[in-house]
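Chemist: There's a structure below that I have some questions on.
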Amino acid sequence: MLDEALKGEIQAAYRRVLEAQGLTPRYGQRLMIAEIARTLSAIEADDAGKRLSDEHVCVLEAGTGTGKTLAYLLAALPVAKARGKRLVIATATVALQEQVLHQDLPSLKAHSGLDFAYALAKGRGRYLCVARLEQALDGVTGNPTLSLFEQSLVQEAGDGFKALVTEMAEAYGSGRWEGDRESWPEAVPDTDWRRLTIDHRQCTNRRCGHFAACAFFRARRDLESADIIVANHDLVLADLSLGGGVVLPPPGDCIYIFDEGHHLPDKALNHFTHRVGVAGALRWLGSLKKSLTELNQALAVQPALARLLATLPETVGALEPRLGEAFALGHQLAGCPQGLGEDEESRQHRFAMGRVPEALRDHAATLLVGFAELARTLESMSDILRESLDPDKHTGLAREQAEAWLPLVALLHGRALEAHALWQAYAAQDEGGEAPQARWLMLERISGEPELTFAASPVSAAPTLAKTLWGGCYGAVVTSATLTALGRFERLQERAGLANRYRYQRLPSPFDYSRAVLSVPREACDPADRDGHERAIVDFVESLGEDEAVLVLFSSRAQLRAVEKALSPACRQRVLAQDRLPKRELIERHRGRVDEGEGSIIFGLASFAEGIDLPGDYLTHVVITRLPFAVPDDPVGATLAEWIESQGGNPFMRISVPDASIKLVQACGRLIRKEADRGRITLLDRRVLTRRYGRALLDALPPFVREIDGG
């Protein structure tokens, strides 16, 4: 139960915020505050603060205009502070993260009367490494092999690199720059930034001579005193994959808020996907082989390192031909033993039901052994190099040598681990009765050179999320404007590993959807007739009013271009196509035209169906050219569909239709962004009227006024 003191604190803070900003309470927002406060305050814990109860998660669908951010901050912060827990706000997009950090939290602090500190958490790779900056500033690495390593493992940095590091060193040293990539005034090319940052394996933490000045650890110190930590889904997942409590506080000490929560399952799957390019692996193994002479000169003075180094020629020598055989075998399995044809840019080959041929599985098992051996050797070398940086440890190796070589050894250790994980996935046989792993090959040309990439991924992140995230955290809230599919939470539960016992609620929208019309006009036709469908879109766009502000959503770039090309010159003048302009510039031009009283038509792809905010007169008509069914070339989705079918299920009704429902709701959600907005949504796909799933898709939409032409 929510105790009276906490309840009073939340209500008083809410009242102060509303009064200070001249706002009226929203019904959905009040419900959301109550639901979150009830769920989190009901969590039972032992004397040490460890959670005992298992109804600690609430999942809330709250449409645009509910005021989600204020609701979850007001409800969760007092509970978190009372329980001695940290509030971690995780967003899926940078735009929302910046809004929470620069608008919502300062406003809450100014008006609510609640006392709290907050900080932004970012991964180590977003921060400058002072040791690497100093290395780059000197213009030499102090070791010719590291120069060779940088040329072969990291592409050559741009011409302005020296000027960049000089400017960065001055800005960081004077305190004008905090050392993170995002706050540097200009975009830093990836090739340059990679030379200035490191990952957790390369970092020596407190043993580093620059620890006191380290940008990452300075930011970490701010996190230690923060009541609210703003992060993103990827950072939370990365921290969990490292065991939790590495960048963020331990999960058991956290209450997580996952805003834009519908992205979480896909983000999680990306973290569990393994990819290894064979040519790339051969390059870094070649780099290691070339470095062996220098490695021995520098490190073999230490007996344990000498023994480890002595094993490397044989290990690398055995792996190289096996990788060469995997390259040939992969091409053969993909049906192009001679490589890609002249006109072919890439080719993907997916193994049906994730089953790889026995020859490849056996080959993977030999590669697995080789990379396991290499990873063990490099890990042992990294451990000795780290110990050599500790003044209390006497390993027999000079600190300078250890400091110079640790980045290379640690990076190669990470590469070996990734290769080991990939070949482990290929060598394993999936257990009967459980969903298989997806496994596939990708053939492509990278900088003109052929590459064959082996890839593997679980088809669902649910088991891992259920165990490490929901099972490990103190409490959690998952929220978004679109969490239900066909009006139900089952699809999200299935994908995100959310248990039935958690609390689920759809909150009422503050919008009057009768101000918008949903139209399926006579021109709508079945996209199976590609030419007819294309002509229907062209005719419809030509018929739009000259002063309309329109977003036309396409499911394929090819169709977008074909329609644009087929328009009359006068109509084409009004079109702003997504693939012709950067997103920000396109939106600015569109707004500018509307401000001038002109009509403007945006042609957008799937990414424009979510996250585009054009309120009022900036968008009065959304045209959806076809139902947003996923393109069936995703190897993970295709493998899952095969498995569901093998179990007697219907993958189209279980996956495709629910996922299309979510995307359709998101697309329609572009229109009504404020309470006074009005307009029209036109659907040019007749299947919504002729197929049995059509009514379910329509029924899941908000209660727009409908104009359905069944002709």
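Ligands are numbered from 1 in the order shown, residues from 1 within each chain, and chains are lettered A, B, ... in the order they appear in the structure tokens.
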Could you pull the residues within 6 Å of Ala62 in chain A, counting only C-alpha atoms, minus those fewer than 2 positions along the same chain, as a PyMOL selection string?

Modeler: chain A and resi 480-481+507

Chemist: Considering only C-alpha atoms, can you say which of A:Glu675, A:Glu494, A:Glu167, A:Asp390 comes closest to Thr64 in chain A?

Modeler: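 Of the candidates, the smallest distance to Thr64 in chain A is held by A:Glu675.
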
Chemist: Let's see if you can do this: from backbone DSSP, list all alpha helix (DSSP H) residues in range 358-473 of chain A, as a ChimeraX atom specification.

Modeler: /A:358-388,399-427,462-464

Chemist: Using only C-alpha atoms, determine which residues lie at most 10 Å from Gln666 in chain A, disregarding the query and same-chain residues fewer than 6 positions distant; provide the list as a PyMOL selection string.

Modeler: chain A and resi 481-482+608-611+660+701

Chemist: Please write the residues from the selection above to a file, keeping C-alpha atoms, as a PDB file, in the first residue's frame.

Modeler:
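Here's the written file result.pdb:
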ATOM      1  CA  ALA A 481       2.115   5.483 -26.745  1.00  0.00           C
ATOM      2  CA  THR A 482       2.006   2.101 -28.532  1.00  0.00           C
ATOM      3  CA  PHE A 608       8.765   8.897 -40.632  1.00  0.00           C
ATOM      4  CA  ALA A 609       5.849   6.916 -39.208  1.00  0.00           C
ATOM      5  CA  GLU A 610       7.305   7.378 -35.714  1.00  0.00           C
ATOM      6  CA  GLY A 611       8.933  10.288 -33.927  1.00  0.00           C
ATOM      7  CA  ALA A 660       1.407  -4.278 -38.466  1.00  0.00           C
ATOM      8  CA  LEU A 701      -7.179   2.355 -34.161  1.00  0.00           C
TER       9      LEU A 701
END

Chemist: Tell me which protein, DNA and RNA residues are within 8 Å of range 619-622 of chain A, counting only C-alpha atoms, leaving out same-chain ones fewer than 3 positions away, and put them as a VMD selection string.

Modeler: chain A and resid 548 to 553 614 to 616 668 670 to 671 678 to 682

Chemist: Smallest atom-to-atom distance to Ser509 in chain A: which of A:Gly669, A:Leu248, A:Ala20, A:Pro303, using only C-alpha atoms?

Modeler: A:Gly669

Chemist: Could you list, as a list in words, every residue within 6 Å of Ala427 in chain A, counting only C-alpha atoms and ignoring same-chain residues fewer than 4 positions away?

Modeler: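 The neighbour list is Arg361, Ala364, Ala365 and Trp423 of chain A.
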
Chemist: Could you write those residues out with C-alpha atoms, as a short mmCIF file (atom, residue, chain, number, x, y, z; two decimals), in the first residue's frame?

Modeler:
data_model
loop_
_atom_site.label_atom_id
_atom_site.label_comp_id
_atom_site.auth_asym_id
_atom_site.auth_seq_id
_atom_site.Cartn_x
_atom_site.Cartn_y
_atom_site.Cartn_z
CA ARG A 361 28.76 -27.28 -37.99
CA ALA A 364 32.55 -24.29 -36.68
CA ALA A 365 33.48 -26.67 -33.86
CA TRP A 423 31.28 -20.09 -33.87
#

Chemist: Which polymer residues have any atom within 12 Å of an atom of Arg439 in chain A, counting only C-alpha atoms, with same-chain residues fewer than 2 positions away left out, as an MDAnalysis selection string?

Modeler: chainID A and resid 273:276 348:357 360:361 422:430 436:437 441:442 453:459 634:640

Chemist: Rank A:Leu74, A:Ile587, A:Leu120, A:Ile612 by their smallest atom-to-atom distance to Ala95 in chain A, using only C-alpha atoms, and report the top residue only.

Modeler: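 So, comparing all the options, the nearest one is A:Ile612.
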
Chemist: Quick one: pick out all strand (DSSP E) residues within range 471-505 of chain A from a backbone DSSP run and write them as JSON, numbers by chain.

Modeler: {"A": [475, 476, 477, 478, 479, 480, 503, 504, 505]}

Chemist: Output the selection as a PDB file, in the first residue's frame - N, CA and C atoms for each residue.

Modeler:
ATOM      1  N   GLY A 475      12.481  -2.643  -9.326  1.00  0.00           N
ATOM      2  CA  GLY A 475      11.161  -2.325  -9.872  1.00  0.00           C
ATOM      3  C   GLY A 475      11.312  -1.745 -11.256  1.00  0.00           C
ATOM      4  N   ALA A 476      10.222  -1.715 -12.033  1.00  0.00           N
ATOM      5  CA  ALA A 476      10.316  -1.182 -13.397  1.00  0.00           C
ATOM      6  C   ALA A 476       8.958  -0.704 -13.882  1.00  0.00           C
ATOM      7  N   VAL A 477       9.018   0.294 -14.758  1.00  0.00           N
ATOM      8  CA  VAL A 477       7.838   0.795 -15.464  1.00  0.00           C
ATOM      9  C   VAL A 477       8.173   0.768 -16.946  1.00  0.00           C
ATOM     10  N   VAL A 478       7.291   0.188 -17.750  1.00  0.00           N
ATOM     11  CA  VAL A 478       7.451   0.209 -19.209  1.00  0.00           C
ATOM     12  C   VAL A 478       6.304   1.035 -19.761  1.00  0.00           C
ATOM     13  N   THR A 479       6.638   2.065 -20.542  1.00  0.00           N
ATOM     14  CA  THR A 479       5.568   2.901 -21.070  1.00  0.00           C
ATOM     15  C   THR A 479       5.873   3.346 -22.491  1.00  0.00           C
ATOM     16  N   SER A 480       4.822   3.654 -23.223  1.00  0.00           N
ATOM     17  CA  SER A 480       4.925   4.136 -24.602  1.00  0.00           C
ATOM     18  C   SER A 480       3.515   4.464 -25.062  1.00  0.00           C
ATOM     19  N   ARG A 503       1.462  -5.706 -13.756  1.00  0.00           N
ATOM     20  CA  ARG A 503       0.279  -4.858 -13.939  1.00  0.00           C
ATOM     21  C   ARG A 503       0.298  -4.231 -15.337  1.00  0.00           C
ATOM     22  N   TYR A 504      -0.842  -4.307 -16.023  1.00  0.00           N
ATOM     23  CA  TYR A 504      -0.967  -3.765 -17.388  1.00  0.00           C
ATOM     24  C   TYR A 504      -2.173  -2.840 -17.448  1.00  0.00           C
ATOM     25  N   GLN A 505      -1.992  -1.695 -18.098  1.00  0.00           N
ATOM     26  CA  GLN A 505      -3.136  -0.800 -18.244  1.00  0.00           C
ATOM     27  C   GLN A 505      -2.969   0.101 -19.467  1.00  0.00           C
TER      28      GLN A 505
END
